[in-house]
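Comments concern the structure below.
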Amino acid sequence: MKTRFSEINLIKELSSPRYQNLHRHFVPKTFANKALMFGPRHDDNLVYLVERGNVRVYLAMEDREFTLSILNPGDIYATHTSAYNSAMGEVRILTMETMKFYSFLAEYPELSKIVIAVLGGILKQSFAIIDSLSFKDIRKRLAEFILFQSEGCLPDAGGAITVPLGMTMEQIAAIVGSTRQTVSTILNDMIREGVVQKTERGIFIIPNIRHLRNFE
């Protein structure tokens, strides 16, 4: 998975003694792979933290789905939106009623800054994905998705960057708004042209990042 939206991990922050009282009020929930966790008409108004696994946040319109964000461990989200939330792999989250969570933010004002920083990173990714889906073809969308995932991955001595996507072709296709077959075909084109190299399942190497940026 991509490096975190920010360097802040809320799960780690809440494990500190200062937030012990807040942490114990969260209720854990687990979900199996591909389970629909929450939808637009979900009854409970909750805030949740991703403790383990990854969550796909997406909109569904007619027969199409548009991925807005992929949440990683330590990220925060809410159930009272118009988006669907589904599990990518086995997922464990910590939940709390929204108003109760807001009351704790008043008790711990410094926590508000941390929450805003994490949500800001998620919002940035959402806008980037919407822009890509709206104005770019699938080859460019896939290239930009890999570039986005490479942010924060350090190059080796020769300038090559290893990107641990950690996703199946089906999951990548859902994010870039295409089919598994199309994504697989384009990735094979990238590999054949030397734009990326595949070392093992879910792990790619970018030999020269400029070639990936220019891929069309």
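Identifiers in this document derive from the order of the structure tokens: chains are assigned A, B, ..., residues are numbered from 1 separately in each chain, and ligands are numbered from 1 in order of occurrence.
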Next on the checklist: Can you pull out the residues contacting A:Leu111? Cut-off 12 Å, using only C-alpha atoms, and skip same-chain residues under 5 positions away; I want them as a PyMOL selection string.
Outcome noted: chain A and resi 8-10+13-14+18-19+22+101-106+116-118
Write the residues you've just listed into a file as a compact mmCIF listing (two decimals), in the first residue's frame, and include N, CA, C and O atoms for each of them.
```txt
# COMPACT_ATOMS: atom_id res chain seq x y z
N ILE A 8 1.33 11.01 10.38
CA ILE A 8 0.62 10.76 11.64
C ILE A 8 -0.21 9.50 11.53
O ILE A 8 -0.95 9.32 10.58
N ASN A 9 -0.09 8.63 12.52
CA ASN A 9 -0.91 7.42 12.60
C ASN A 9 -1.76 7.55 13.85
O ASN A 9 -1.26 7.50 14.97
N LEU A 10 -3.07 7.73 13.66
CA LEU A 10 -3.95 7.97 14.80
C LEU A 10 -4.00 6.79 15.78
O LEU A 10 -4.16 6.98 16.98
N GLU A 13 -1.03 7.22 17.92
CA GLU A 13 -1.23 8.37 18.80
C GLU A 13 -2.12 8.01 19.98
O GLU A 13 -1.85 8.36 21.13
N LEU A 14 -3.20 7.29 19.70
CA LEU A 14 -4.17 6.98 20.75
C LEU A 14 -3.68 5.91 21.72
O LEU A 14 -4.29 5.70 22.77
N ARG A 18 -1.63 9.39 27.40
CA ARG A 18 -2.46 10.59 27.47
C ARG A 18 -3.88 10.33 26.96
O ARG A 18 -4.83 10.92 27.46
N TYR A 19 -4.01 9.47 25.95
CA TYR A 19 -5.32 9.23 25.34
C TYR A 19 -5.95 7.90 25.78
O TYR A 19 -6.83 7.38 25.12
N LEU A 22 -9.75 8.02 26.15
CA LEU A 22 -10.42 8.09 24.85
C LEU A 22 -10.38 6.74 24.14
O LEU A 22 -11.40 6.27 23.61
N PHE A 101 -17.38 11.40 19.91
CA PHE A 101 -16.01 11.67 19.48
C PHE A 101 -15.75 13.18 19.50
O PHE A 101 -14.68 13.62 19.93
N TYR A 102 -16.72 13.98 19.05
CA TYR A 102 -16.57 15.43 19.07
C TYR A 102 -16.36 15.95 20.49
O TYR A 102 -15.59 16.89 20.72
N SER A 103 -17.05 15.35 21.44
CA SER A 103 -16.89 15.79 22.83
C SER A 103 -15.48 15.52 23.34
O SER A 103 -14.92 16.31 24.11
N PHE A 104 -14.89 14.42 22.88
CA PHE A 104 -13.51 14.13 23.27
C PHE A 104 -12.53 15.10 22.62
O PHE A 104 -11.50 15.44 23.20
N LEU A 105 -12.84 15.55 21.40
CA LEU A 105 -11.97 16.54 20.75
C LEU A 105 -11.93 17.84 21.55
O LEU A 105 -10.91 18.52 21.59
N ALA A 106 -13.06 18.18 22.18
CA ALA A 106 -13.08 19.36 23.04
C ALA A 106 -12.20 19.15 24.27
O ALA A 106 -11.57 20.09 24.78
N ILE A 116 -7.40 16.66 11.63
CA ILE A 116 -7.49 17.51 10.43
C ILE A 116 -6.36 17.18 9.46
O ILE A 116 -6.57 17.14 8.24
N ALA A 117 -5.17 16.93 9.97
CA ALA A 117 -4.03 16.61 9.10
C ALA A 117 -4.27 15.31 8.34
O ALA A 117 -4.01 15.23 7.13
N VAL A 118 -4.80 14.30 9.02
CA VAL A 118 -5.06 13.02 8.36
C VAL A 118 -6.19 13.16 7.34
O VAL A 118 -6.10 12.69 6.20
```
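Considering the residues A:Val57, A:Met167, A:Val195, A:Leu142 and counting only C-alpha atoms, A:Tyr77 has its shortest atom-to-atom contact with A:Val57.
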Checklist entry - Can you list every residue in stretch 67-174 of chain A that DSSP puts in strand (DSSP E), as a PyMOL selection string? => result chain A and resi 67-71+76-78+84-97+161-164
Next on the checklist: Run DSSP on the backbone and tell me which residues of stretch 136-211 of chain A come out as helix (DSSP H, G or I); list them as number ranges by chain.
Outcome noted: A: 138-150, 169-176, 180-192, 209-211
Item to check | Exercise: A:Leu36 partners within 8 Å, only C-alpha atoms, chain neighbours under 4 positions left out, as JSON, numbers by chain | outcome: {"A": [84, 85, 86, 87]}
Please save all heavy atoms of the selected residues as an mmCIF file, in the first residue's frame.
```cif
data_model
loop_
_atom_site.group_PDB
_atom_site.id
_atom_site.type_symbol
_atom_site.label_atom_id
_atom_site.label_comp_id
_atom_site.auth_asym_id
_atom_site.auth_seq_id
_atom_site.Cartn_x
_atom_site.Cartn_y
_atom_site.Cartn_z
ATOM 1 N N TYR A 84 -19.780 4.579 -0.224
ATOM 2 C CA TYR A 84 -19.734 3.205 0.277
ATOM 3 C C TYR A 84 -18.338 2.931 0.816
ATOM 4 O O TYR A 84 -17.344 3.449 0.293
ATOM 5 C CB TYR A 84 -20.055 2.211 -0.836
ATOM 6 C CG TYR A 84 -21.468 2.301 -1.356
ATOM 7 C CD1 TYR A 84 -21.807 3.199 -2.368
ATOM 8 C CD2 TYR A 84 -22.475 1.486 -0.839
ATOM 9 C CE1 TYR A 84 -23.106 3.285 -2.850
ATOM 10 C CE2 TYR A 84 -23.776 1.564 -1.317
ATOM 11 C CZ TYR A 84 -24.085 2.470 -2.323
ATOM 12 O OH TYR A 84 -25.369 2.556 -2.791
ATOM 13 N N ASN A 85 -18.267 2.119 1.857
ATOM 14 C CA ASN A 85 -16.991 1.711 2.444
ATOM 15 C C ASN A 85 -16.916 0.188 2.411
ATOM 16 O O ASN A 85 -17.784 -0.480 2.983
ATOM 17 C CB ASN A 85 -16.880 2.165 3.897
ATOM 18 C CG ASN A 85 -16.964 3.675 4.098
ATOM 19 O OD1 ASN A 85 -16.527 4.178 5.106
ATOM 20 N ND2 ASN A 85 -17.546 4.401 3.165
ATOM 21 N N SER A 86 -15.914 -0.366 1.759
ATOM 22 C CA SER A 86 -15.795 -1.824 1.682
ATOM 23 C C SER A 86 -14.396 -2.273 2.086
ATOM 24 O O SER A 86 -13.415 -1.534 1.934
ATOM 25 C CB SER A 86 -16.116 -2.326 0.271
ATOM 26 O OG SER A 86 -15.165 -1.864 -0.661
ATOM 27 N N ALA A 87 -14.327 -3.497 2.603
ATOM 28 C CA ALA A 87 -13.078 -4.034 3.127
ATOM 29 C C ALA A 87 -12.193 -4.574 2.001
ATOM 30 O O ALA A 87 -12.668 -5.265 1.110
ATOM 31 C CB ALA A 87 -13.369 -5.144 4.129
#
```
Item to check | Spatial neighbours of A:Ile186, max dist 9 Å, only C-alpha atoms, sep filter under 5 positions, as a PyMOL selection string | outcome: chain A and resi 138-139+142+181+191
For the residues selected in the previous step, produce a file with N, CA and C atoms as a short mmCIF file (atom, residue, chain, number, x, y, z; two decimals), in the first residue's frame.
```cif
data_model
loop_
_atom_site.label_atom_id
_atom_site.label_comp_id
_atom_site.auth_asym_id
_atom_site.auth_seq_id
_atom_site.Cartn_x
_atom_site.Cartn_y
_atom_site.Cartn_z
N ILE A 138 -7.43 5.67 -19.48
CA ILE A 138 -7.08 4.63 -18.53
C ILE A 138 -5.57 4.42 -18.43
N ARG A 139 -4.84 4.53 -19.53
CA ARG A 139 -3.39 4.33 -19.47
C ARG A 139 -2.74 5.38 -18.57
N LEU A 142 -3.73 4.81 -14.83
CA LEU A 142 -2.99 3.74 -14.19
C LEU A 142 -1.56 4.19 -13.86
N GLN A 181 -9.08 -7.05 -16.80
CA GLN A 181 -8.39 -7.43 -18.03
C GLN A 181 -7.65 -6.24 -18.63
N ILE A 191 5.46 -3.22 -18.62
CA ILE A 191 6.58 -4.13 -18.36
C ILE A 191 7.38 -4.36 -19.64
#
```
Item to check | Surrounding residues of stretch 38-55 of chain A excluding itself and chain neighbours under 2 positions, 10 Å, only C-alpha atoms, as number ranges by chain | outcome: A: 1, 9-12, 26-31, 33-36, 57-59, 69-102
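In terms of minimum interatomic distance to A:Phe148, A:Ile209 ranks closest within A:Glu216, A:Glu193, A:Ser15, A:Ile209, counting only C-alpha atoms.
Counting only C-alpha atoms, stretch 176-178 of chain A has the following residues at most 10 Å away, ignoring those fewer than 5 positions along the same chain: Arg64, Glu65, Phe66, Thr67, Leu68, Ile129, Ile130, Ser132, Leu133, Asp137, Ile138, Arg139, Lys140, Arg141, Leu142, Ala143, Glu144, Phe145, Glu170, Gln171 and Val183 of chain A.
Of note, atom CA of A:Asp156 and atom CA of A:Asn208 are spaced 11.2 Å apart.
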